[in-house]
Amino acid sequence: MSVTTSNPPPQEMQRGLKNRHLQLMAIGGAIGTGLFLGSGKLISVSGPSIIFVYMVIGFFVFFIMRALGELLLSNLHYQTFGDIAKDLIGPWAGFFVSWNYWFSWVIACVADIIAITAYVQWFNPEIPNWLPALIAAAALLVLNLQPVKYFGETEFWFAIIKIVAILALIGTGVVLVLTGFTSPEGTQASFTHLWDRGGMFPMGASGFVLGFQMGIFSFIGVELVGTAAAETQNPRKTLPKAINSIVARILIFYVGALAVIMSVTPWDEIDPAKSPFVSTFALAGFGIAAAAIQLVVLTSAASSANSGLYSGTRMLFGLSKDGHAPKSFSLTDSRGVPRRSVFFTAVFLFAAIPLLFAGDGVVAAFTYVSSMCATLILFTWGSIVVSYILYRRRFPERHEASKFKMPLSRVAPWMVLAFFAFIAGTLLYGEDTRLPFLAMPFWFALLALLWQLRKRKLLREGRPLTATVPTVAHPLDHED
């Protein structure tokens with residue numbers, strides 16, 4: 001008998017995502033739960049100026065994604081942000097970026113599972129709060145153990161649900177404005193409400209600035225397109241399309257939706273404790289609006305958690321390939337799934353269950369981890385921009401040969417970094433976000449310690465500090 005006839009599991013992930021998967025994942029990544037849940041609070045803080053906040057953030061996110069797109073297409077052997085950072089900044093940067101991104105999605109997933117529990121209990125408060133959390137964590141684990149095409153298919157339909165909900169809101173709101181709808185309080189819907197209640201900056205500069213430190217939460221996940229590119233068919237065709245459509249998506253789904261909401265209900269009459277999506281549908285006379293939107297928000301949270309687990313496992317896979325995590329995490333099964341990375345990351349999702357017994361502290365914990373995610377994602381986005389600056393400086397020939405060059409490539413990266421400094425200032429300025437921001441140096445100090453320990457271990461074993469990213473042509477380079 002022989003045991004050598006079976007094929008060994010592949011050592012690389014498979015490109016199982018199609019164009020429609022990537023396009024809808026890009027949309028889903030740009031539509032976070034913050035739009036459905038946090039928009040009421042954002043409007044109460046910033047008023048109509050929140051429209052400009054989203055425009056400004058979207059402007060800079062577009063440049064971040066264009067930088068990421070050019071970097072990924074300059075070398076199709078790049079699979080994660082960690083690969084890019086280690087190749088262009090150094091091995092330590094790959095270690096920091098990858099573990100930081102993994103950690104940011106773990107805590108984001110925990111927050112999303114807590115949110116899912118709250119949404120389920122809205123339908124039936126008698127359900128034990130640990131049960132939805134347990135089911136959600138188990139379902140996410142099972143889903144991410146499937147080949148990547150199933151992940152893509154799930155995110156495709158999650159994104160469809162979010163898109164339909166927002167377009168329905170915009171359509172409903174426009175009809176209410178055009179028909180001169182009058183609310184039970186006697187307020188007539190009108191586009192003039194965007195400026196007739198104290199102007200478009202009714203809260204002054206302070207409200208405008210606070211809008212940034214809260215609005216940045218909504219964009220966490222847009223960089224998922226870069227993680228998924230490693231498992232996407234024909235990335236040279238699909239990635240540019242997904243990235244270039246970001247501006248249009250932001251204008252439609254964020255600016256359009258919020259403008260319609262504030263036209264139907266003036267900003268100073270919106271209840272920050274309620275979803276303005278629910279309120280708008282309810283005003284239109286749809287009795288099932290609350291239940292429908294709760295289902296949409298639940299789906300959005302599930303989508304975010306699903307994407308987070310996917311991203312975290314892929315980062316852990318890359319860390320293992322570099323020797324920055326146990327070797328077993330780089331093993332894939334016969335379908336190209338990094339099974340052990342999935343199991344290890346999913347273990348932390350079950351941490352949401354004990355947090356649910358914190359009583360009144362759950363909401364505070366949710367706000368805390370959300371703020372922490374914003375700080376961590378600034379580091380990830382910053383690594384992309386710094387990597388691009390170094391790439392532009394060291395490999396001008398690659399930049400010249402690129403068919404997907406970043407616009408304003410000499411000045412835009414520095415503009416983005418200056419914007420990040422501004423966002424850091426807003427995080428310090430806001431009371432809810434100050435403590436999580438100040439706690440982050442301790443996390444990076446821990447990473448520095450772990451890097452020194454890992455580096456010494458690799459040097460003792462005579463191993464390279466990181467796996468070398470091939471610079472030879474990738475097979476997909478020759479695709480039409």
# chains A, B, ... in the order shown; residues from 1 in each chain; ligands from 1
$ select_by_dssp --residues "stretch 27-218 of chain A" --states "helix (DSSP H, G or I)" --output "PyMOL selection string"
chain A and resi 27-30+33-74+81-88+91-123+130-144+148-178+191-194+204-218
$ residues_around --residues "A:Met406" --least-positions-apart "3" --cutoff "6 Å" --atoms "only C-alpha atoms" --output "list in words"
Arg66, Ala67 and Ser409 of chain A
$ atom_distance --atom1 "atom CA of A:Leu145" --atom2 "atom CA of A:Asn234"
23.6 Å
$ residues_around --residues "stretch 335-348 of chain A" --least-positions-apart "2" --cutoff "8 Å" --atoms "only C-alpha atoms" --output "count of residues only"
32
$ closest_residue --among "A:Tyr78, A:Phe437, A:Phe62, A:Phe201" --to "A:Gln213" --atoms "only C-alpha atoms"
A:Phe437
$ closest_residue --among "A:Thr187, A:Thr117, A:Ser387, A:Ser402" --to "A:Glu269" --atoms "only C-alpha atoms"
A:Thr187
$ closest_atom_pairs --of "stretch 55-122 of chain A" --to "stretch 420-431 of chain A" --cutoff "12 Å" --atoms "only C-alpha atoms" --output "CSV"
residue,atom,partner,partner_atom,distance
A:Val56,CA,A:Ile423,CA,11.5
A:Ile57,CA,A:Ile423,CA,9.8
A:Phe60,CA,A:Phe420,CA,9.4
A:Val61,CA,A:Phe420,CA,10.7
A:Ile64,CA,A:Phe420,CA,11.1
